[in-house]
Amino acid sequence: MTSEQTTLGEGTTTAEELAEGQREISIAEFFEKNKHMLGFDSGARGLVTAVKEAVDNALDATEEAGIRPDIYVEIREVGDYYRLVVEDNGPGITKEQLPKVFGKLLYGSRFHKREQSRGQQGIGISAAVLYSQLTSGKPAKITSRTQGSTEAEYFELIIDTDTNEPEIGTAETTSWDRSHGTRIELEMEANMRARSQLHDYIKHTAVVNPHARIELREPGLDEPLKFERATDQLPAETKEIRPHPHGVELGTLIKMLDATDSYSLSGFMQEEFTRVGKKTADSVLDNFRDRHFGRELGWPARNGAPTADVEADIETALREAVSNKGADATDVFAERIANSLTERERTTYSGLVEIVGTVADEVGTETGKTFGSTVRENAVEAAWSELTRFGSDDEGDDLDRLTPTLYELVDDATSTRKDDAAVNGLSERLAERFVALGDDDGPNRMRLTLGDLKTLVDEAADTTEEYDDETFGDTARENVVESLWSRMQTVPDDPPNVSEIAGDRDTASELLEAMRETDILSPPTDCLAPITEELVEAGLRKEYDADFYAASTRDAEVHGGDPFVVEAGIAYGGDIPADGSVELLRFANRVPLVYQRGACATTNVVKRIGWRNYGLDQPGGSGMPSGPAVISIHVASTNVPFTSESKDALASVPEIEDEIELAIREAARELKSYLNKRRSMAKRREKQDVLGRILPQMAEKVAEVTGRDHPDIEGAMARIMNNVGVDRERDGETVTLVVENHSDRNESLEITEIVSAEPEGLPDGVDAIEMDEEWFVNWNPDVDSGETVELEYSLPTDADADATVDGVDDEKLTVNA
Ligand SMILES: Nc1ncnc2c1ncn2[C@@H]1O[C@H](COP(=O)(O)OP(=O)(O)OP(=O)(O)O)[C@@H](O)[C@H]1O
């Protein structure tokens, strides 16, 4: 035994001994140990994070109060420490709230709100207070004056990490020259090594918040950095919204079902979710019924037997089921139901219940007899049994009558290659299984959920394959399921009420699926304040002197019940450095993200785009593109998913990543067009220069040799310059690509149109392939010398289109498309 080895009982710890060391950990204690999670890993970073938390709060508070932000940030060296002061002209904080806001972690006004704001968690500023007290031992000094009050409140406080409560040292009223606002003073161990990140944060904050005035004083600056207001217009006021049905998760849904005051499912849907009115709630309910109860297959009354016989037998059965209503009323009752059933192609069990109910009401009113619930039930049972077992007790008869119905549906769903025997074989096997479906108590209502239907079709197809030597592949089976399911009827049963669903995870999960499957309007965007395309571009223009700018703002989408909007911008050329990777600016809810670029979803998306298609270099064909470009991405959401509490990087949420990609591609398409045009223009210019020099000399020579006048070189120049022209014409939704071959040889072109919406009306032989919501139309026209060829199709007027032309040397090509 080595010295490291121990035997049982020696050096081991019992559960009881362990238990002695186990105790609750307070939130504040936890964050004290895990400062890095909140962005306070080092003195350099801690200072930037503290500025960011205080400035974000100042912007949130002023905007919420409808005040144009005027923010003052000061960093000063004081002995061994740095002192940070952040002042705003916001609405101030009341005396009661102030200690909790700054002296308690996880306390804030935004965590439960579905509304775009910079703050989300109720951690930021108290974490800065905690960091300051841990590193300097000094309390936070806070001054706040609420609008309309004559005096300000002054507090000195620290956080008690055991209890996560503020410990107030000083609390007094004071005078302050600002008429309202908040001032925070924190002393901390810090340094200015992250100066560039600090400046980036302030500068980029000013870019995306042109309505704010921000001033920064810090030890390295002789003059304060001042960002004046570029507009008096505050961002659009945001409104709080309820969750969207497409985004909630099961746990949240169950919590909501538990907490709601609504009794009915319809009421719950309309009360608790955004974009759900009566009609949408009904659609959700129908989808839910399909999952919870299954759908019903209708039974034919007419197939395989003379209508009069069927009608007569149903009537007889009904008469026998009704007693004490008198012959006249009974006759009318039986006739009407029988007639109604034989008139219909198929009737489901629930459909029959409805017919009986309607006829009972009508006949009751007309004859003064009461057809109560027992009579109705008896009538339904009698008619159903007659309908499903017409003429005989022999089960074969049922099959004979159901098989043609199923044959029709199977035949519709399977390809023409399936022969009659196969279709018939499958229809018979399906009919057998439908007839054999039994409810434990009561009649066979032929109800099935989609899952059960799939099993049933699989079984029937397997049997047919085995006995009839036919094949039914996966696609054929899926088509049969789809055809049957689409013809089966949603049942009208009342859904379980809210508390029943809340108590049953499986049912709640059916509801969730139904919500996700229902078409529902996107969430309202008034809870979001995107920067807008114009201002994204204007922001870039303000900061970067480039040759080209493009921006895009996507429509709102949902993730986790929260709507979000993605915006992207690209600046290219000009003074932007051409060497190295492009610069990526990341924003979340108008807050610049300065750290953890590599861990951010935005970076991942930029890397996975094939930038060479859009005219930017991308060493190795993947990763960050390089060249003189800046890409900016803004994600606005009522709940931005960050990778950690320090809110440095966006987490990888597929829905958001897809939208980031689409937003970037939208702007990148514009970049591509610009670069293509620029390239082709440059080539043309080059050629023109050369031709401009050579042609006159040639003309001179020709004149000299032939002894004639100078030939006219104007036309020759134009012709050579327009060797093969590809032009686009758009007239409403009609797009025409015109290829004119001015050259003296026949040309075969390979033209790829990249369009942002699905093209319609393409001629035979020209197809469109969809990739990531872009359609690639490949057209290969042969254009004889001197001929013109046109490609015509339709495209929505707001869709983008851009053509790439191969097959002809660039020098012989003039593309204007
Ligand atoms: N300058 C301020 N003026 C007015 N209210 C403020 C100010 N700073 C903070 N608050 C209030 O204090 C709360 C807590 O702020 P804190 O920074 O801890 O969290 P947050 O901003 O809500 O979220 P996050 O942790 O994501 O930053 C805010 O929700 C807000 O209600």
# chains A, B, ... in the order shown; residues from 1 in each chain; ligands from 1
$ residues_near_ligand --ligand "ligand 1" --cutoff "8 Å" --atoms "only C-alpha atoms and all ligand atoms" --output "PyMOL selection string"
chain A and resi 53-62+87-88+90-93+98+101-102+104-111+118-127+181-183+645+647
$ write_last_selection --atoms "C-alpha atoms" --output "short mmCIF file (atom, residue, chain, number, x, y, z; two decimals), in the first residue's frame"
data_model
loop_
_atom_site.label_atom_id
_atom_site.label_comp_id
_atom_site.auth_asym_id
_atom_site.auth_seq_id
_atom_site.Cartn_x
_atom_site.Cartn_y
_atom_site.Cartn_z
CA GLU A 53 -23.25 49.25 -15.70
CA ALA A 54 -23.71 52.81 -14.47
CA VAL A 55 -24.01 54.35 -17.96
CA ASP A 56 -26.42 51.64 -19.16
CA ASN A 57 -28.61 52.32 -16.12
CA ALA A 58 -28.45 56.06 -16.70
CA LEU A 59 -29.58 55.63 -20.31
CA ASP A 60 -32.36 53.22 -19.35
CA ALA A 61 -33.65 55.50 -16.60
CA THR A 62 -33.61 58.72 -18.64
CA GLU A 87 -23.99 61.26 -12.95
CA ASP A 88 -27.23 61.32 -14.89
CA GLY A 90 -32.71 60.79 -14.93
CA PRO A 91 -35.83 60.70 -12.77
CA GLY A 92 -33.82 59.82 -9.63
CA ILE A 93 -34.52 57.00 -7.19
CA LEU A 98 -32.21 53.58 -3.25
CA VAL A 101 -31.02 49.21 -5.82
CA PHE A 102 -27.36 49.67 -4.92
CA LYS A 104 -28.77 44.23 -2.91
CA LEU A 105 -27.88 41.85 -5.72
CA LEU A 106 -30.72 40.62 -7.91
CA TYR A 107 -32.93 43.61 -7.18
CA GLY A 108 -34.23 45.64 -10.08
CA SER A 109 -37.19 46.78 -12.10
CA ARG A 110 -36.49 45.00 -15.39
CA PHE A 111 -36.10 41.30 -14.73
CA ARG A 118 -30.23 47.58 -21.37
CA GLY A 119 -30.59 46.26 -17.85
CA GLN A 120 -32.12 42.83 -17.48
CA GLN A 121 -31.02 41.11 -14.33
CA GLY A 122 -30.94 43.51 -11.41
CA ILE A 123 -27.30 42.70 -10.75
CA GLY A 124 -25.17 45.23 -12.61
CA ILE A 125 -24.83 48.25 -10.37
CA SER A 126 -24.90 46.37 -7.08
CA ALA A 127 -22.12 44.14 -8.45
CA GLY A 181 -30.93 62.59 -11.40
CA THR A 182 -28.56 60.16 -9.75
CA ARG A 183 -24.87 60.30 -8.92
CA GLU A 645 -24.17 37.57 -16.35
CA LYS A 647 -23.38 40.41 -20.71
#
$ residues_around --residues "region 630-635 of chain A" --least-positions-apart "5" --cutoff "7 Å" --atoms "only C-alpha atoms" --output "PyMOL selection string"
chain A and resi 564-572+582-589
$ write_last_selection --atoms "N, CA and C atoms" --output "PDB file, in the first residue's frame"
ATOM      1  N   PHE A 564     -37.505  39.572 -30.902  1.00  0.00           N
ATOM      2  CA  PHE A 564     -36.214  40.213 -31.116  1.00  0.00           C
ATOM      3  C   PHE A 564     -36.117  40.693 -32.556  1.00  0.00           C
ATOM      4  N   VAL A 565     -35.284  41.698 -32.736  1.00  0.00           N
ATOM      5  CA  VAL A 565     -35.049  42.238 -34.072  1.00  0.00           C
ATOM      6  C   VAL A 565     -33.539  42.297 -34.275  1.00  0.00           C
ATOM      7  N   VAL A 566     -33.108  41.890 -35.451  1.00  0.00           N
ATOM      8  CA  VAL A 566     -31.677  41.966 -35.732  1.00  0.00           C
ATOM      9  C   VAL A 566     -31.429  43.001 -36.817  1.00  0.00           C
ATOM     10  N   GLU A 567     -30.383  43.783 -36.625  1.00  0.00           N
ATOM     11  CA  GLU A 567     -29.994  44.793 -37.624  1.00  0.00           C
ATOM     12  C   GLU A 567     -28.523  44.598 -37.957  1.00  0.00           C
ATOM     13  N   ALA A 568     -28.188  44.884 -39.201  1.00  0.00           N
ATOM     14  CA  ALA A 568     -26.780  44.759 -39.581  1.00  0.00           C
ATOM     15  C   ALA A 568     -26.389  45.928 -40.454  1.00  0.00           C
ATOM     16  N   GLY A 569     -25.124  46.277 -40.400  1.00  0.00           N
ATOM     17  CA  GLY A 569     -24.612  47.355 -41.252  1.00  0.00           C
ATOM     18  C   GLY A 569     -23.226  46.981 -41.753  1.00  0.00           C
ATOM     19  N   ILE A 570     -22.889  47.464 -42.928  1.00  0.00           N
ATOM     20  CA  ILE A 570     -21.537  47.242 -43.457  1.00  0.00           C
ATOM     21  C   ILE A 570     -21.009  48.567 -44.001  1.00  0.00           C
ATOM     22  N   ALA A 571     -19.767  48.881 -43.643  1.00  0.00           N
ATOM     23  CA  ALA A 571     -19.092  50.024 -44.272  1.00  0.00           C
ATOM     24  C   ALA A 571     -17.877  49.459 -44.990  1.00  0.00           C
ATOM     25  N   TYR A 572     -17.556  49.990 -46.160  1.00  0.00           N
ATOM     26  CA  TYR A 572     -16.465  49.411 -46.951  1.00  0.00           C
ATOM     27  C   TYR A 572     -15.610  50.502 -47.588  1.00  0.00           C
ATOM     28  N   VAL A 582     -11.741  42.125 -40.938  1.00  0.00           N
ATOM     29  CA  VAL A 582     -12.678  43.247 -40.867  1.00  0.00           C
ATOM     30  C   VAL A 582     -12.994  43.519 -39.390  1.00  0.00           C
ATOM     31  N   GLU A 583     -13.424  44.738 -39.104  1.00  0.00           N
ATOM     32  CA  GLU A 583     -13.775  45.066 -37.715  1.00  0.00           C
ATOM     33  C   GLU A 583     -15.238  44.704 -37.486  1.00  0.00           C
ATOM     34  N   LEU A 584     -15.500  44.074 -36.366  1.00  0.00           N
ATOM     35  CA  LEU A 584     -16.880  43.688 -36.065  1.00  0.00           C
ATOM     36  C   LEU A 584     -17.380  44.497 -34.868  1.00  0.00           C
ATOM     37  N   LEU A 585     -18.467  45.248 -35.067  1.00  0.00           N
ATOM     38  CA  LEU A 585     -19.066  45.985 -33.948  1.00  0.00           C
ATOM     39  C   LEU A 585     -20.301  45.227 -33.509  1.00  0.00           C
ATOM     40  N   ARG A 586     -20.379  44.937 -32.212  1.00  0.00           N
ATOM     41  CA  ARG A 586     -21.518  44.147 -31.708  1.00  0.00           C
ATOM     42  C   ARG A 586     -22.328  45.008 -30.732  1.00  0.00           C
ATOM     43  N   PHE A 587     -23.642  44.969 -30.898  1.00  0.00           N
ATOM     44  CA  PHE A 587     -24.509  45.722 -29.985  1.00  0.00           C
ATOM     45  C   PHE A 587     -25.675  44.851 -29.533  1.00  0.00           C
ATOM     46  N   ALA A 588     -26.038  44.984 -28.265  1.00  0.00           N
ATOM     47  CA  ALA A 588     -27.239  44.302 -27.778  1.00  0.00           C
ATOM     48  C   ALA A 588     -28.057  45.349 -27.047  1.00  0.00           C
ATOM     49  N   ASN A 589     -29.288  45.536 -27.459  1.00  0.00           N
ATOM     50  CA  ASN A 589     -30.140  46.574 -26.866  1.00  0.00           C
ATOM     51  C   ASN A 589     -29.409  47.906 -26.745  1.00  0.00           C
TER      52      ASN A 589
END
$ closest_residue --among "A:Arg76, A:Trp299, A:Lys683, A:Ser637" --to "Leu221 (chain A)" --atoms "only C-alpha atoms"
A:Arg76
$ select_by_dssp --residues "region 320-506 of chain A" --states "strand (DSSP E or B)" --output "ChimeraX atom specification"
/A:347,447-448,489-490
$ residues_around --residues "Leu512 (chain A)" --least-positions-apart "5" --cutoff "8 Å" --atoms "only C-alpha atoms" --output "list in words"
Glu249, Leu250 and Leu253 of chain A
$ closest_residue --among "A:Glu557, A:Glu16, A:Asp802, A:Glu543" --to "Thr525 (chain A)" --atoms "only C-alpha atoms"
A:Glu557
$ residues_around --residues "Ile576 (chain A)" --least-positions-apart "3" --cutoff "8 Å" --atoms "only C-alpha atoms" --output "list of chain:residue names"
A:Tyr544, A:Asp545, A:Ala546, A:Tyr572, A:Gly573, A:Pro628, A:Ala629, A:Val630
$ residues_around --residues "region 481-495 of chain A" --least-positions-apart "4" --cutoff "8 Å" --atoms "only C-alpha atoms" --output "mmCIF file with C-alpha atoms, in the first residue's frame"
data_model
loop_
_atom_site.group_PDB
_atom_site.id
_atom_site.type_symbol
_atom_site.label_atom_id
_atom_site.label_comp_id
_atom_site.auth_asym_id
_atom_site.auth_seq_id
_atom_site.Cartn_x
_atom_site.Cartn_y
_atom_site.Cartn_z
ATOM 1 C CA LEU A 265 -58.106 27.287 -22.112
ATOM 2 C CA LEU A 285 -57.650 24.774 -29.400
ATOM 3 C CA ASP A 286 -58.310 22.823 -32.596
ATOM 4 C CA ARG A 289 -57.782 18.740 -29.752
ATOM 5 C CA ASP A 290 -56.039 16.979 -32.627
ATOM 6 C CA PHE A 293 -58.242 13.622 -28.563
ATOM 7 C CA GLY A 294 -57.119 12.663 -32.058
ATOM 8 C CA ARG A 295 -59.249 13.134 -35.190
ATOM 9 C CA GLU A 296 -62.228 11.109 -36.388
ATOM 10 C CA LEU A 297 -62.626 9.304 -39.686
ATOM 11 C CA GLY A 298 -66.052 9.710 -41.298
ATOM 12 C CA THR A 348 -68.057 11.198 -38.265
ATOM 13 C CA SER A 350 -69.275 13.693 -33.634
ATOM 14 C CA LEU A 409 -57.800 8.514 -50.211
ATOM 15 C CA VAL A 410 -54.931 6.049 -50.703
ATOM 16 C CA ASP A 412 -54.981 10.140 -54.172
ATOM 17 C CA ALA A 413 -51.922 9.931 -51.981
ATOM 18 C CA LEU A 450 -51.541 11.414 -35.644
ATOM 19 C CA LEU A 453 -52.540 6.850 -37.409
ATOM 20 C CA LYS A 454 -48.900 6.527 -38.430
ATOM 21 C CA VAL A 457 -50.701 2.918 -41.688
ATOM 22 C CA ARG A 477 -46.609 5.860 -46.220
#
$ residues_around --residues "Thr143 (chain A)" --least-positions-apart "6" --cutoff "7 Å" --atoms "only C-alpha atoms" --output "list of chain:residue names"
A:Ala152, A:Glu153, A:Tyr154, A:Phe155, A:Thr182, A:Arg183, A:Ile184
$ select_by_dssp --residues "region 627-801 of chain A" --states "helix (DSSP H, G or I)" --output "PyMOL selection string"
chain A and resi 654-706+713-721
